[in-house]
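Text of input.cif (mmCIF, C-alpha atoms and all ligand atoms) as supplied:
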data_run
#
loop_
_atom_site.group_PDB
_atom_site.id
_atom_site.type_symbol
_atom_site.label_atom_id
_atom_site.label_comp_id
_atom_site.auth_asym_id
_atom_site.auth_seq_id
_atom_site.Cartn_x
_atom_site.Cartn_y
_atom_site.Cartn_z
ATOM 1 C CA MET O 180 0.000 0.000 0.000
ATOM 2 C CA ASN O 181 1.168 3.503 -0.875
ATOM 3 C CA SER O 182 2.140 5.417 2.287
ATOM 4 C CA ASN O 183 0.142 8.495 1.229
ATOM 5 C CA PHE O 184 -2.942 6.480 2.087
ATOM 6 C CA ILE O 185 -3.979 5.326 5.515
ATOM 7 C CA GLU O 186 -5.985 2.264 6.325
ATOM 8 C CA VAL O 187 -8.918 3.083 8.589
ATOM 9 C CA ASN O 188 -10.597 0.164 10.329
ATOM 10 C CA HIS O 189 -14.009 -0.116 11.947
ATOM 11 C CA ASP O 190 -14.819 -3.590 13.270
ATOM 12 C CA ASN O 191 -13.856 -5.826 10.336
ATOM 13 C CA ARG O 192 -14.387 -3.123 7.727
ATOM 14 C CA SER O 193 -11.365 -1.467 6.172
ATOM 15 C CA TYR O 194 -11.083 1.732 4.139
ATOM 16 C CA LEU O 195 -8.229 3.401 2.322
ATOM 17 C CA CYS O 196 -8.228 7.160 2.866
ATOM 18 C CA LEU O 197 -5.948 9.744 1.293
ATOM 19 C CA LYS O 198 -4.047 11.180 4.241
ATOM 20 C CA ARG O 199 -3.676 14.638 2.683
ATOM 21 C CA LEU O 200 -7.452 15.030 2.180
ATOM 22 C CA SER O 201 -8.265 13.696 5.648
ATOM 23 C CA GLU O 202 -5.837 16.231 7.145
ATOM 24 C CA LEU O 203 -7.744 18.987 5.308
ATOM 25 C CA GLY O 204 -11.000 17.753 6.850
ATOM 26 C CA ILE O 205 -12.274 16.332 3.554
ATOM 27 C CA LYS O 206 -14.071 13.063 4.227
ATOM 28 C CA ASN O 207 -12.884 10.457 1.753
ATOM 29 C CA GLY O 208 -12.441 6.741 1.363
ATOM 30 C CA PHE O 209 -12.117 3.735 -0.879
ATOM 31 C CA THR O 210 -13.970 0.743 0.513
ATOM 32 C CA ARG O 211 -12.764 -2.844 0.676
ATOM 33 C CA ARG O 212 -14.797 -6.001 0.684
ATOM 34 C CA SER O 213 -14.522 -7.273 4.259
ATOM 35 C CA GLY O 214 -17.292 -6.704 6.778
ATOM 36 C CA GLY O 215 -20.721 -5.599 5.680
ATOM 37 C CA VAL O 216 -23.928 -7.585 5.783
ATOM 38 C CA SER O 217 -24.220 -8.961 2.230
ATOM 39 C CA HIS O 218 -24.355 -12.746 1.999
ATOM 40 C CA GLY O 219 -23.801 -15.458 -0.570
ATOM 41 C CA LYS O 220 -21.461 -15.121 -3.523
ATOM 42 C CA ILE O 221 -21.099 -11.399 -3.019
ATOM 43 C CA GLU O 222 -20.602 -11.657 0.730
ATOM 44 C CA GLY O 223 -19.173 -8.513 2.261
ATOM 45 C CA LEU O 224 -19.544 -4.770 2.039
ATOM 46 C CA ASN O 225 -21.391 -4.578 -1.290
ATOM 47 C CA PHE O 226 -22.744 -1.243 -2.508
ATOM 48 C CA GLY O 227 -24.274 -2.334 -5.822
ATOM 49 C CA PHE O 228 -28.085 -2.457 -5.937
ATOM 50 C CA ARG O 229 -27.974 -4.190 -9.332
ATOM 51 C CA VAL O 230 -25.815 -7.225 -8.629
ATOM 52 C CA GLY O 231 -28.497 -9.531 -7.224
ATOM 53 C CA ASP O 232 -28.000 -8.515 -3.601
ATOM 54 C CA ASN O 233 -30.803 -7.978 -1.087
ATOM 55 C CA PRO O 234 -31.561 -4.217 -1.256
ATOM 56 C CA ASP O 235 -31.957 -4.054 2.534
ATOM 57 C CA ALA O 236 -28.444 -5.447 2.941
ATOM 58 C CA VAL O 237 -27.062 -2.876 0.491
ATOM 59 C CA ARG O 238 -28.805 -0.074 2.389
ATOM 60 C CA GLN O 239 -27.362 -1.358 5.660
ATOM 61 C CA ASN O 240 -23.904 -1.370 4.091
ATOM 62 C CA TYR O 241 -24.363 2.297 3.152
ATOM 63 C CA GLU O 242 -25.360 3.036 6.736
ATOM 64 C CA LEU O 243 -22.204 1.335 8.009
ATOM 65 C CA LEU O 244 -20.118 3.363 5.554
ATOM 66 C CA ALA O 245 -21.815 6.617 6.558
ATOM 67 C CA ASN O 246 -21.250 5.924 10.253
ATOM 68 C CA ASP O 247 -17.641 4.873 9.715
ATOM 69 C CA ILE O 248 -16.605 7.825 7.531
ATOM 70 C CA GLY O 249 -18.907 10.280 9.303
ATOM 71 C CA PHE O 250 -21.608 11.577 6.996
ATOM 72 C CA ASP O 251 -25.366 11.486 6.587
ATOM 73 C CA VAL O 252 -26.491 8.421 4.615
ATOM 74 C CA SER O 253 -29.624 10.211 3.388
ATOM 75 C CA ARG O 254 -27.501 12.802 1.535
ATOM 76 C CA ILE O 255 -25.378 10.388 -0.517
ATOM 77 C CA VAL O 256 -25.565 10.900 -4.280
ATOM 78 C CA CYS O 257 -24.618 8.243 -6.817
ATOM 79 C CA ALA O 258 -25.413 7.700 -10.461
ATOM 80 C CA ARG O 259 -26.414 4.807 -12.706
ATOM 81 C CA GLN O 260 -23.007 4.462 -14.289
ATOM 82 C CA GLN O 261 -22.808 3.394 -17.922
ATOM 83 C CA HIS O 262 -19.142 3.788 -18.937
ATOM 84 C CA THR O 263 -19.923 7.215 -20.386
ATOM 85 C CA ASP O 264 -18.046 10.504 -20.170
ATOM 86 C CA ASN O 265 -21.107 12.338 -18.800
ATOM 87 C CA ILE O 266 -20.575 14.352 -15.643
ATOM 88 C CA ARG O 267 -23.242 15.886 -13.410
ATOM 89 C CA ILE O 268 -23.013 19.017 -11.311
ATOM 90 C CA VAL O 269 -24.712 17.815 -8.120
ATOM 91 C CA THR O 270 -27.012 20.206 -6.270
ATOM 92 C CA GLU O 271 -28.961 20.092 -3.017
ATOM 93 C CA ALA O 272 -31.971 18.715 -4.952
ATOM 94 C CA ASP O 273 -29.964 15.577 -5.784
ATOM 95 C CA CYS O 274 -29.412 14.483 -2.173
ATOM 96 C CA GLY O 275 -30.537 10.903 -1.642
ATOM 97 C CA LYS O 276 -30.465 9.966 -5.309
ATOM 98 C CA GLY O 277 -28.998 6.518 -5.842
ATOM 99 C CA VAL O 278 -29.435 5.203 -2.293
ATOM 100 C CA ILE O 279 -32.638 6.558 -0.728
ATOM 101 C CA VAL O 280 -34.180 6.759 -4.208
ATOM 102 C CA VAL O 281 -32.490 3.911 -6.062
ATOM 103 C CA ASP O 282 -34.063 4.649 -9.445
ATOM 104 C CA SER O 283 -33.233 8.316 -9.755
ATOM 105 C CA ASP O 284 -32.900 10.588 -12.758
ATOM 106 C CA ILE O 285 -29.093 10.498 -12.594
ATOM 107 C CA CYS O 286 -28.642 8.000 -15.436
ATOM 108 C CA ASP O 287 -25.871 7.532 -17.986
ATOM 109 C CA THR O 288 -23.533 9.466 -15.743
ATOM 110 C CA ASP O 289 -20.050 8.529 -14.573
ATOM 111 C CA GLY O 290 -18.793 11.666 -12.889
ATOM 112 C CA LEU O 291 -20.201 13.823 -10.078
ATOM 113 C CA ILE O 292 -19.048 17.284 -8.972
ATOM 114 C CA THR O 293 -20.303 19.556 -6.214
ATOM 115 C CA ASN O 294 -19.319 22.632 -4.232
ATOM 116 C CA ILE O 295 -21.984 21.996 -1.587
ATOM 117 C CA SER O 296 -20.919 20.773 1.838
ATOM 118 C CA ASP O 297 -22.122 17.477 3.270
ATOM 119 C CA ILE O 298 -23.091 15.862 -0.012
ATOM 120 C CA PRO O 299 -21.122 12.597 -0.174
ATOM 121 C CA LEU O 300 -20.413 11.769 -3.831
ATOM 122 C CA VAL O 301 -20.101 8.046 -4.515
ATOM 123 C CA VAL O 302 -18.866 6.043 -7.512
ATOM 124 C CA PHE O 303 -18.935 2.217 -7.719
ATOM 125 C CA THR O 304 -16.232 0.002 -9.110
ATOM 126 C CA ALA O 305 -15.138 -3.641 -9.346
ATOM 127 C CA ASP O 306 -11.777 -3.292 -11.223
ATOM 128 C CA CYS O 307 -12.629 0.017 -12.949
ATOM 129 C CA VAL O 308 -10.612 3.040 -11.828
ATOM 130 C CA PRO O 309 -12.167 5.375 -9.218
ATOM 131 C CA LEU O 310 -10.918 8.975 -9.235
ATOM 132 C CA LEU O 311 -11.460 11.487 -6.429
ATOM 133 C CA PHE O 312 -10.726 15.195 -6.787
ATOM 134 C CA CYS O 313 -10.731 18.091 -4.345
ATOM 135 C CA ASP O 314 -9.983 21.775 -4.684
ATOM 136 C CA PRO O 315 -9.667 22.810 -1.028
ATOM 137 C CA VAL O 316 -9.335 26.509 -1.988
ATOM 138 C CA ASN O 317 -12.560 26.951 -3.973
ATOM 139 C CA ARG O 318 -14.068 24.050 -2.036
ATOM 140 C CA VAL O 319 -15.143 21.717 -4.819
ATOM 141 C CA VAL O 320 -15.068 17.914 -4.849
ATOM 142 C CA ALA O 321 -15.608 15.312 -7.557
ATOM 143 C CA ALA O 322 -15.873 11.541 -7.873
ATOM 144 C CA THR O 323 -15.415 9.853 -11.242
ATOM 145 C CA HIS O 324 -15.745 6.287 -12.515
ATOM 146 C CA ALA O 325 -13.117 5.605 -15.166
ATOM 147 C CA GLY O 326 -13.165 2.100 -16.583
ATOM 148 C CA TRP O 327 -11.146 1.566 -19.736
ATOM 149 C CA ARG O 328 -13.964 3.070 -21.792
ATOM 150 C CA GLY O 329 -14.281 6.107 -19.536
ATOM 151 C CA THR O 330 -10.506 6.467 -19.460
ATOM 152 C CA ALA O 331 -10.377 6.264 -23.271
ATOM 153 C CA GLN O 332 -13.076 8.956 -23.395
ATOM 154 C CA LYS O 333 -10.965 11.043 -20.970
ATOM 155 C CA ILE O 334 -13.612 11.380 -18.280
ATOM 156 C CA GLY O 335 -10.963 12.278 -15.668
ATOM 157 C CA LYS O 336 -9.666 15.114 -17.825
ATOM 158 C CA LYS O 337 -13.243 16.273 -18.483
ATOM 159 C CA THR O 338 -13.951 16.286 -14.744
ATOM 160 C CA VAL O 339 -11.037 18.662 -14.188
ATOM 161 C CA GLN O 340 -12.156 20.832 -17.117
ATOM 162 C CA LEU O 341 -15.613 21.184 -15.548
ATOM 163 C CA MET O 342 -14.157 21.984 -12.130
ATOM 164 C CA LYS O 343 -12.308 24.819 -13.867
ATOM 165 C CA SER O 344 -15.137 26.098 -16.078
ATOM 166 C CA GLU O 345 -18.041 25.751 -13.631
ATOM 167 C CA PHE O 346 -16.330 26.594 -10.349
ATOM 168 C CA GLY O 347 -13.207 28.533 -11.320
ATOM 169 C CA CYS O 348 -10.891 25.913 -9.804
ATOM 170 C CA LYS O 349 -7.194 26.493 -10.397
ATOM 171 C CA PRO O 350 -5.624 23.167 -11.372
ATOM 172 C CA GLN O 351 -2.569 23.815 -9.211
ATOM 173 C CA ASN O 352 -4.879 23.698 -6.171
ATOM 174 C CA ILE O 353 -6.492 20.373 -7.081
ATOM 175 C CA ILE O 354 -5.599 17.207 -5.177
ATOM 176 C CA ALA O 355 -6.472 13.905 -6.867
ATOM 177 C CA ALA O 356 -6.538 10.253 -5.826
ATOM 178 C CA ILE O 357 -6.503 7.240 -8.137
ATOM 179 C CA GLY O 358 -7.975 4.397 -6.124
ATOM 180 C CA PRO O 359 -7.744 0.602 -6.001
ATOM 181 C CA SER O 360 -8.509 -0.867 -9.430
ATOM 182 C CA ILE O 361 -7.057 -3.073 -12.133
ATOM 183 C CA GLY O 362 -3.327 -2.443 -12.540
ATOM 184 C CA ALA O 363 -1.153 -2.755 -15.628
ATOM 185 C CA CYS O 364 0.015 -6.034 -14.042
ATOM 186 C CA CYS O 365 -3.403 -7.577 -14.735
ATOM 187 C CA PHE O 366 -5.204 -5.483 -17.376
ATOM 188 C CA GLU O 367 -4.592 -7.701 -20.387
ATOM 189 C CA VAL O 368 -6.500 -6.788 -23.549
ATOM 190 C CA ASP O 369 -6.449 -7.491 -27.250
ATOM 191 C CA ARG O 370 -5.014 -5.100 -29.812
ATOM 192 C CA ASP O 371 -8.388 -3.463 -30.560
ATOM 193 C CA THR O 372 -8.809 -2.310 -26.965
ATOM 194 C CA ALA O 373 -5.143 -1.359 -26.578
ATOM 195 C CA GLU O 374 -5.371 0.877 -29.647
ATOM 196 C CA ASN O 375 -7.692 3.203 -27.715
ATOM 197 C CA PHE O 376 -4.602 4.347 -25.832
ATOM 198 C CA ASP O 377 -1.294 5.877 -26.809
ATOM 199 C CA LYS O 378 1.428 3.275 -27.413
ATOM 200 C CA LYS O 379 3.383 4.447 -24.373
ATOM 201 C CA TYR O 380 0.672 3.015 -22.089
ATOM 202 C CA ASN O 381 0.597 -0.397 -23.799
ATOM 203 C CA ILE O 382 3.011 -3.152 -22.859
ATOM 204 C CA PRO O 383 3.096 -5.814 -25.616
ATOM 205 C CA LYS O 384 3.086 -9.416 -24.415
ATOM 206 C CA LEU O 385 4.447 -12.559 -26.080
ATOM 207 C CA ASN O 386 0.911 -13.941 -26.476
ATOM 208 C CA GLY O 387 0.005 -11.045 -28.785
ATOM 209 C CA LYS O 388 -2.003 -9.273 -26.095
ATOM 210 C CA PHE O 389 -1.253 -5.982 -24.385
ATOM 211 C CA HIS O 390 -1.204 -4.765 -20.807
ATOM 212 C CA VAL O 391 -2.587 -1.237 -20.467
ATOM 213 C CA ASP O 392 -1.670 1.107 -17.623
ATOM 214 C CA LEU O 393 -4.933 2.940 -16.897
ATOM 215 C CA TRP O 394 -3.447 4.592 -13.798
ATOM 216 C CA ALA O 395 -0.749 6.252 -15.924
ATOM 217 C CA VAL O 396 -3.269 7.386 -18.560
ATOM 218 C CA ASN O 397 -5.482 8.995 -15.911
ATOM 219 C CA LYS O 398 -2.526 10.578 -14.134
ATOM 220 C CA ASP O 399 -1.086 12.026 -17.354
ATOM 221 C CA ASP O 400 -4.507 13.396 -18.357
ATOM 222 C CA MET O 401 -4.677 15.221 -15.015
ATOM 223 C CA ILE O 402 -1.162 16.596 -15.503
ATOM 224 C CA ASP O 403 -2.227 17.759 -19.001
ATOM 225 C CA GLU O 404 -4.983 19.775 -17.328
ATOM 226 C CA GLY O 405 -2.448 21.467 -15.076
ATOM 227 C CA ILE O 406 -2.629 19.404 -11.887
ATOM 228 C CA ASN O 407 0.732 19.235 -10.151
ATOM 229 C CA PRO O 408 2.093 15.636 -10.354
ATOM 230 C CA GLU O 409 2.917 15.881 -6.643
ATOM 231 C CA ASN O 410 -0.784 16.365 -5.938
ATOM 232 C CA ILE O 411 -1.834 13.161 -7.694
ATOM 233 C CA TYR O 412 -1.806 10.094 -5.467
ATOM 234 C CA VAL O 413 -2.054 6.563 -6.848
ATOM 235 C CA SER O 414 -3.026 3.903 -4.308
ATOM 236 C CA ASP O 415 -1.013 1.251 -6.202
ATOM 237 C CA GLU O 416 -3.487 -1.432 -5.144
ATOM 238 C CA CYS O 417 -4.553 -3.759 -7.947
ATOM 239 C CA THR O 418 -7.993 -5.248 -7.306
ATOM 240 C CA ILE O 419 -7.052 -8.449 -9.139
ATOM 241 C CA CYS O 420 -3.746 -9.036 -7.341
ATOM 242 C CA ASN O 421 -5.741 -8.303 -4.161
ATOM 243 C CA SER O 422 -8.998 -10.001 -5.101
ATOM 244 C CA ASP O 423 -9.227 -11.420 -1.583
ATOM 245 C CA LYS O 424 -9.643 -7.814 -0.361
ATOM 246 C CA TYR O 425 -11.699 -6.314 -3.186
ATOM 247 C CA TYR O 426 -14.613 -7.126 -5.423
ATOM 248 C CA SER O 427 -13.117 -7.871 -8.825
ATOM 249 C CA TYR O 428 -15.229 -8.314 -11.933
ATOM 250 C CA ARG O 429 -12.456 -10.023 -13.862
ATOM 251 C CA THR O 430 -11.782 -12.442 -11.006
ATOM 252 C CA HIS O 431 -15.297 -13.248 -9.787
ATOM 253 C CA LYS O 432 -17.116 -12.599 -13.106
ATOM 254 C CA GLU O 433 -20.787 -11.706 -12.744
ATOM 255 C CA HIS O 434 -20.819 -12.970 -9.146
ATOM 256 C CA THR O 435 -19.227 -9.856 -7.802
ATOM 257 C CA GLY O 436 -20.370 -6.906 -5.731
ATOM 258 C CA ARG O 437 -19.216 -3.303 -5.930
ATOM 259 C CA GLN O 438 -16.889 -1.259 -3.762
ATOM 260 C CA VAL O 439 -17.156 2.513 -3.714
ATOM 261 C CA ALA O 440 -15.066 5.644 -3.604
ATOM 262 C CA VAL O 441 -16.615 8.477 -1.641
ATOM 263 C CA ILE O 442 -15.740 12.135 -1.046
ATOM 264 C CA SER O 443 -17.559 14.913 0.813
ATOM 265 C CA LEU O 444 -16.810 18.517 1.712
HETATM 266 ZN ZN ZN X 1 -2.561 -6.915 -10.660
#

Could you express the structure from this file as structure tokens?
Ligand SMILES: [Zn+2]
Amino acid sequence: MNSNFIEVNHDNRSYLCLKRLSELGIKNGFTRRSGGVSHGKIEGLNFGFRVGDNPDAVRQNYELLANDIGFDVSRIVCARQQHTDNIRIVTEADCGKGVIVVDSDICDTDGLITNISDIPLVVFTADCVPLLFCDPVNRVVAATHAGWRGTAQKIGKKTVQLMKSEFGCKPQNIIAAIGPSIGACCFEVDRDTAENFDKKYNIPKLNGKFHVDLWAVNKDDMIDEGINPENIYVSDECTICNSDKYYSYRTHKEHTGRQVAVISL
């Protein structure tokens, strides 16, 4: 584990938090699988309502998360993610969408931004790359789901662009975290998928496949937008190498739950 992150434990639940954000009073965390009340094949701390879990168990898991990290469960906002590059500016009227109101109008959306305090923004992943952003000066936070499709569509870069255009954020003030997700060690794809990314991110393998470094693509896109490399923190935890600790779609196939990344002003 990267030393810029701290592991926070509550009972048998374990979260990775970016130390720098926590020190600034910004509530943040990347969840792991252990603990939680979900049973069966997706046993653990599952946050996906659409993976065959009992909705009451998922709700209870959100309550555990809210208590552990310290925010109001009824104000969480999350989207129905679809591997798009659509980003929503979250307002007070959105509070509760995705958890209290599971079928909300936040569809086809993979990034959330707000400048309102006490609105926890949540994105789900199970190998895809979760990105958290915070401008502590203008007080703006964002959570973005960047799978390979979202990364290819530059959703991380677009999140930063919106933070600048909608809220006047200066990129040199932005702190970003790239959370636990599939690493270049395990993200093996065929040539067609690899060709969505610049050659420098593709490692050719003897079997004709390629390993793609999605963390590096996302980091470089942030640097392109003016974020200081020193303010970008990569957790360095691969969800496949650590599939005992995380839900992993590639490892557990369709029988997998979802972890979340959360951030709140
Ligand atoms: Zn790996």

_Suppose a student applies the PyMOL selection byres (((not hetatm)) within 6 of (chain X and resi 1)) to this structure; what residues should they get, written as number ranges by chain?_
O: 362, 364-365, 417, 419-420

What residues have an atom no more than 8 Å from (-26.1, 6.9, -11.0) in the file's own frame, counting all atoms listed in the file, and can you write them as a tab-separated table (two decimals) with C-alpha atoms, in the coordinates of the input?
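The resulting file, part_26.tsv, is reproduced below:
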chain	number	residue	atom	x	y	z
O	256	VAL	CA	-25.56	10.90	-4.28
O	257	CYS	CA	-24.62	8.24	-6.82
O	258	ALA	CA	-25.41	7.70	-10.46
O	259	ARG	CA	-26.41	4.81	-12.71
O	260	GLN	CA	-23.01	4.46	-14.29
O	276	LYS	CA	-30.46	9.97	-5.31
O	277	GLY	CA	-29.00	6.52	-5.84
O	283	SER	CA	-33.23	8.32	-9.76
O	284	ASP	CA	-32.90	10.59	-12.76
O	285	ILE	CA	-29.09	10.50	-12.59
O	286	CYS	CA	-28.64	8.00	-15.44
O	287	ASP	CA	-25.87	7.53	-17.99
O	288	THR	CA	-23.53	9.47	-15.74
O	289	ASP	CA	-20.05	8.53	-14.57

*Excluding Arg211 of chain O and residues on its chain fewer than 5 positions from it, collect all residues at most 7 Å away from it, counting all atoms listed in the file, and give them as a list of chain:residue names.*
O:Ser193, O:Tyr194, O:Lys424, O:Tyr425, O:Gln438

Could you take the residues named above and write them with C-alpha atoms, as a compact mmCIF listing (two decimals), keeping the file's coordinate frame?
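Output (result-v7.txt):
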# COMPACT_ATOMS: atom_id res chain seq x y z
CA SER O 193 -11.36 -1.47 6.17
CA TYR O 194 -11.08 1.73 4.14
CA LYS O 424 -9.64 -7.81 -0.36
CA TYR O 425 -11.70 -6.31 -3.19
CA GLN O 438 -16.89 -1.26 -3.76

*Between O:Ile354, O:Gly436, O:Lys349, O:His390, which is the closest to Glu409 of chain O once you count all atoms listed in the file?*
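The shortest atom-to-atom distance to Glu409 of chain O comes from O:Ile354.
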
*asked:* Evaluated on this file, the PyMOL selection byres (((chain O and resi 253) around 8) and not hetatm) picks out some residues - which ones are they, written as an MDAnalysis selection string?
replied: chainID O and resid 251:252 254:255 274:275 278:279

*Please evaluate the PyMOL selection byres (((chain O and resi 353) around 6) and not hetatm) against the displayed coordinates and give the resulting residues as an NGL selection string.*
:O and (313-314 or 350-352 or 354)

*Counting all atoms listed in the file, what is within 12 Å of segment 213-227 of chain O, bar same-chain residues fewer than 5 positions away, as a ChimeraX atom specification?*
/O:188-194,232-244,247,257-260,277-278,281,301-305,422-428,431-441

_as a PyMOL selection string, please: the residues near Arg328 of chain O (cut-off 12 Å, all atoms listed in the file, same-chain neighbours under 6 positions excluded)._
chain O and resi 260-264+289+307-308+334-335+372-376+393+396-397

Let me know the centre plus edge lengths, in Å and rounded to one decimal, of a box with edges along x, y and z that contains all listed atoms of segment 351-357 of chain O and is padded by 6 Å on every side, as AutoDock Vina command-line options.
--center_x -4.6 --center_y 15.5 --center_z -7.2 --size_x 16.0 --size_y 28.6 --size_z 16.0

*Find the residues near Asp399 of chain O: any atom within 12 Å, counting all atoms listed in the file, skip ones fewer than 4 places away on the same chain, and give them as a list in words.*
Thr330, Lys333, Gly335, Lys336, Ala355, Ile357, Phe376, Asp377, Lys379, Tyr380, Asp392, Leu393, Trp394, Ala395, Asp403, Glu404, Gly405, Ile406, Asn407, Pro408, Ile411 and Val413 of chain O

*Which one is closest to Asp273 of chain O: O:Pro315, O:Pro359, O:Pro299, O:Gly249? Count only C-alpha atoms.*
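Smallest distance to Asp273 of chain O is found for O:Pro299.
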
*asked:* For a test of reading the model, state the distance in Å between atom CA of Leu310 of chain O and atom CA of Ile248 of chain O, rounded to one decimal.
replied: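 Atom-to-atom, atom CA of Leu310 of chain O to atom CA of Ile248 of chain O, that is 17.7 Å.
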
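For the set O:Met401, O:Arg370, O:Val320, O:Ala363, the residue with the smallest atom-to-atom gap to Asn386 of chain O is O:Arg370, counting all atoms listed in the file.
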
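From atom CA of Val230 of chain O back to atom CA of Thr323 of chain O, the distance works out to 20.2 Å.
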
*Smallest atom-to-atom distance to Pro309 of chain O: which of O:Asp369, O:Glu345, O:Glu416, O:Asp282, using only C-alpha atoms?*
O:Glu416

*Could you check which of O:Thr270, O:Asn183, O:Thr418, O:Thr293 is closest to Ile442 of chain O, using all atoms listed in the file?*
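Among the listed residues, O:Thr293 lies closest to Ile442 of chain O.
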
_To one decimal place in Å, what is the distance between atom CA of Leu291 of chain O and atom CA of Ser182 of chain O?_
26.9 Å

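With only C-alpha atoms taken into account, the protein and nucleic acid residues at most 8 Å from Phe346 of chain O (excluding it and anything under 3 positions from it in its own chain) are Asn294, Asn317, Val319, Leu341, Met342 and Lys343 of chain O.
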
*Which one is closest to Arg267 of chain O: O:Ile361, O:Leu385, O:Ile292, O:Leu197? Count all atoms listed in the file.*
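Among O:Ile361, O:Leu385, O:Ile292, O:Leu197, it is O:Ile292 that comes nearest to Arg267 of chain O.
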